[in-house]
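**Q** This is the structure, below, for whatever I ask next.
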Protein chains: 2
Amino acid sequence: MSELKILLSEKEMPTHWYNIQADMPELPDTPLNPVTKEPLGPQDLAAIFPMELIKQEVSQERWIEIPDEVRDIYRIWRPSPLIRARRLEKALDTPARIYYKYEGVSPAGSHKLNTAVPQAYYNKAAGIKRLSTETGAGQWGIALSQACNFFDLECTVYMVKVSFNQKPYRKSLMEIFGSNVIASPSNLTESGRKILAEFPDSNGSLGIAISEAVEDAAKRDDTNYALGSVLNHVCLHQSIIGLEAKAQMEKAGFYPDVVIGCSGGGSNFAGIAFPFINDKIANKSKTRLVAVEPISCPTLTRGEYSYDYGDVVGLAPIMKMNTLGASFMPPGIHAGGLRYHGVSPLVSKLLQDGLIDAISLGQTSVFQGAILFARAEGLIPAPESSHAVQAAINEALEAKEAGEARTILFNMSGHGLLDLPSYDLYLSGKLEDFPLPEEDLKKALERLPHV
Amino acid sequence: MSELKILLSEKEMPTHWYNIQADMPELPDTPLNPVTKEPLGPQDLAAIFPMELIKQEVSQERWIEIPDEVRDIYRIWRPSPLIRARRLEKALDTPARIYYKYEGVSPAGSHKLNTAVPQAYYNKAAGIKRLSTETGAGQWGIALSQACNFFDLECTVYMVKVSFNQKPYRKSLMEIFGSNVIASPSNLTESGRKILAEFPDSNGSLGIAISEAVEDAAKRDDTNYALGSVLNHVCLHQSIIGLEAKAQMEKAGFYPDVVIGCSGGGSNFAGIAFPFINDKIANKSKTRLVAVEPISCPTLTRGEYSYDYGDVVGLAPIMKMNTLGASFMPPGIHAGGLRYHGVSPLVSKLLQDGLIDAISLGQTSVFQGAILFARAEGLIPAPESSHAVQAAINEALEAKEAGEARTILFNMSGHGLLDLPSYDLYLSGKLEDFPLPEEDLKKALERLPHV
């Protein structure tokens, strides 16, 4: 029988990240300065990012070399395995071949470490002493905490309040790695105080936490800001997932008919999908690339493609992207990492240009898929990753309906071992779907900036 | 630079378990029937174990073939990686080479799945419908729950009450895989009721939970009992750890000077160490094999080598082993899997015969080592595994003192992602060591059975 796990050796780990900006038929519109509303220049970003990351943000080089110091840490868990989900295929009685790229083997438990490590590295190299960031469910906060620990940087994490309360283990893990974890909105920043004055019981959101973290970084010279998704350099770093997966699929002898990733800020999906897009642009494949988001926060499927703020308060750049409006407050779903009003400008532009697809799923069907997967494959997916799991299950069932042995690849981006209370709630029937009402969407979109 | 992770392909996975009984200079004394106190025969065990496991319990064949159905599930995570702890070496500034075999990659999060899978398999093959078991910290309960799920068996887990309360996530995980989890001592068994009558506030112990699980299995024809450690067949199944590690150390080009495993019931240590013992018996190596236990439950270092009951109530066989007395109630340390009054008769006999060593460590030093390891290597060790981690650190510091480039191998038997509240307590200075007072030990040993 062929092997379940398709492994690459450390020597086969990619030496370069893949930059999709080199291959896009058209680039996204330039981001704007949130105050002047003029096109953003490198100097606008220099207060919160090191120059190497700013360069990557705008680079159009196809391949960008991964520094040795970053590869040396990647080696702790990379290359990550590609696994054939034979037991899941059997459970579904499908002719489809289901493969998943398993990023949960990272010490942080998710793909987020792929970008946390280079971000910490470039900041350290630039003489920065401390990073500030936001985190939703905590996956990103853990990753940045670990990366800062590896490079001996201080780290302060503004954690969205609903997740701070739902996921105390993630907070513990950040503290083990030496980070300072603060429930957001907090009283420590002007942005936080502004929100609390208006909504004292606010559950928080990624948009608010970003405001707090950006403000924190902007006001201290020794501190920079790190973002776990959305930006071009984050998508760049995550490309290592798809690059490895492509090499592994080649070893397996199949090219995927569909590639699936969940989408919050978009870098998870970008990581698995972008390295397959250039084949599509070059008309060498008809592979569908599917981003999966929650119906409660349907940025790609129901948002507007428009210039909008990246954060709630208006400190982050204005970007052309799919958005539900920066003031949109997503309900407290358990996939905290997908609770963001906007999405990567690169992903948004590719959707506009018809190169990728997007779908949305309800929370209960997502957990149903997660349990089916867990019982078949043994691994517990994170609620975010479970969106990709359930979409892959749906694809496999469609393949069964069509009687076709399609090849499905999805990004199992992290484990859910620190999300078990969410599973408890699902199993006791207490989870809801929270589809976004049309009138709420309309209201949120009314507040888009006029640029 | 040489690779950090020494991997084996699925094709290189061992096809046979190693049975140390074939190579021991002298075998342990035969276990006794707890009622008649006569030597135990296969028929005594048939009420709670399938015949294949009973045969393995007494077999003196050196190599026992791993069934295809078991290997097929092992392939989900096996062979597990052997990892060079280069960052830990650097943090300790030691000339020692530190390698760890990482069993936390199993979907159950620990080495326990190595024996849970064959136990479920042999029971299923024997027509059994349901298994009962005990669990301490929950690692074993999760493993058996997963294994039962794979083979479509029902599973009831009696979980030691102190861990049931300390580690709710482990309980959730068992329930995801469909198990029924009961806090022990419970009112559901005569054994549990007996303990509760005498000690209504009992925190429970492995010895009590075993009584409940054995009683449950003995009174139902469709139910067998499964034990996660102590017994010969469990040590046999765990030998796959050491067999793989031996092949991997050979690839790395070093033979270990010391092999370390933590010890509760003993199968964790047996798994990593036994495959190295035959070289020692054959005078081909002088490698030290070190079992590490808590100072609060010092079975190997301070217990008596004597016949004793395997459980508190006296339903399990009487075995010749190192013991603190079946009535001994270990304090509620966070390494719940090490809270057992006895230890594997095979491990005990090897200690008697001078083929292995044993040491004990306090809980605070163990967590200190765990944090050092986590910050260096990224992975959070389970509190049980942390005993091996801290012992390896001590060995590396001794090698530094001696100026010798010794090679250290230890079993990192599971991750501690579901033990984070214990880390919180350690970091806030709330953990104690609980060394066993001499008078308590004396008192516990007074109640050994007279055989």
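Each chain in the structure tokens gets a letter, A, B, ..., in the order shown, and its residues are numbered from 1; ligands are numbered from 1 in order too.
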Do you know which residues are at most 9 Å from stretch 265-268 of chain A counting only C-alpha atoms, after dropping those on the same chain fewer than 5 positions away, and could you put them as a count of residues only?
**A** 30
**Q** Give one line per residue of chain A that approaches chain B to at most 7 Å, naming the two atoms of the closest pair and their distance in Å to one decimal, counting only C-alpha atoms; sort by chain then ascending residue number and deliver it as JSON lines.
**A**
{"residue": "A:Glu3", "atom": "CA", "partner": "B:Glu10", "partner_atom": "CA", "distance": 6.5}
{"residue": "A:Leu4", "atom": "CA", "partner": "B:Arg75", "partner_atom": "CA", "distance": 6.9}
{"residue": "A:Glu10", "atom": "CA", "partner": "B:Glu3", "partner_atom": "CA", "distance": 6.5}
{"residue": "A:Arg75", "atom": "CA", "partner": "B:Leu4", "partner_atom": "CA", "distance": 6.8}
{"residue": "A:Ile76", "atom": "CA", "partner": "B:Leu4", "partner_atom": "CA", "distance": 6.9}
{"residue": "A:Pro107", "atom": "CA", "partner": "B:Gly378", "partner_atom": "CA", "distance": 5.3}
{"residue": "A:Gln146", "atom": "CA", "partner": "B:Gly378", "partner_atom": "CA", "distance": 6.9}
{"residue": "A:Asn149", "atom": "CA", "partner": "B:Arg375", "partner_atom": "CA", "distance": 6.8}
{"residue": "A:Tyr169", "atom": "CA", "partner": "B:Leu420", "partner_atom": "CA", "distance": 6.0}
{"residue": "A:Ser172", "atom": "CA", "partner": "B:Leu420", "partner_atom": "CA", "distance": 6.3}
{"residue": "A:Phe177", "atom": "CA", "partner": "B:Arg375", "partner_atom": "CA", "distance": 6.2}
{"residue": "A:Arg375", "atom": "CA", "partner": "B:Phe177", "partner_atom": "CA", "distance": 6.2}
{"residue": "A:Gly378", "atom": "CA", "partner": "B:Pro107", "partner_atom": "CA", "distance": 5.3}
{"residue": "A:Leu379", "atom": "CA", "partner": "B:Pro107", "partner_atom": "CA", "distance": 5.3}
{"residue": "A:Leu420", "atom": "CA", "partner": "B:Tyr169", "partner_atom": "CA", "distance": 6.0}
{"residue": "A:Asp424", "atom": "CA", "partner": "B:Ser172", "partner_atom": "CA", "distance": 6.4}
**Q** Next, write the just-selected residues to a file, as a short mmCIF file (atom, residue, chain, number, x, y, z; two decimals), in the first residue's frame, keeping C-alpha atoms as the atom set.
**A**
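Okay, result.cif is ready:
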data_model
loop_
_atom_site.label_atom_id
_atom_site.label_comp_id
_atom_site.auth_asym_id
_atom_site.auth_seq_id
_atom_site.Cartn_x
_atom_site.Cartn_y
_atom_site.Cartn_z
CA GLU A 3 2.40 5.62 2.14
CA LEU A 4 -0.13 7.76 3.99
CA GLU A 10 14.92 19.09 5.46
CA ARG A 75 13.64 23.03 10.28
CA ILE A 76 12.18 22.40 13.74
CA PRO A 107 5.42 23.97 17.74
CA GLN A 146 7.41 31.70 20.10
CA ASN A 149 11.31 33.95 22.22
CA TYR A 169 -5.00 27.75 27.32
CA SER A 172 -1.15 30.36 29.03
CA PHE A 177 6.98 31.92 25.95
CA ARG A 375 -12.97 10.38 14.24
CA GLY A 378 -7.49 11.02 14.67
CA LEU A 379 -6.52 14.71 14.54
CA LEU A 420 -11.80 21.76 23.08
CA ASP A 424 -17.88 20.62 24.05
#
**Q** Please return, as a count of residues only, all residues of stretch 161-404 of chain A that DSSP assigns to strand (DSSP E) on the basis of the backbone.
**A** 37
**Q** Show me, as a list in words, the residues that have an atom within 9 Å of A:Ile98 when counting only C-alpha atoms, minus same-chain residues fewer than 6 positions from it.
**A**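 So, after excluding close chain neighbours, the residues are Ile83, Arg84, Ala85, Arg86, Leu88, Glu89, Ala392, Ile393, Ala396, Arg406, Thr407, Ile408, Leu409 and Phe410 of chain A.
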**Q** So that I can check the surroundings of B:Tyr121, please list as a ChimeraX atom specification every protein, DNA and RNA residue that reaches within 10 Å of it, counting only C-alpha atoms and ignoring chain neighbours fewer than 5 positions away.
**A** /B:67,69-70,115-116,126,128,147-148,150-153
**Q** Go ahead and compute the interatomic distance for atom CA of A:Val290 and atom CA of A:Glu244, in Å to one decimal.
**A** 18.5 Å
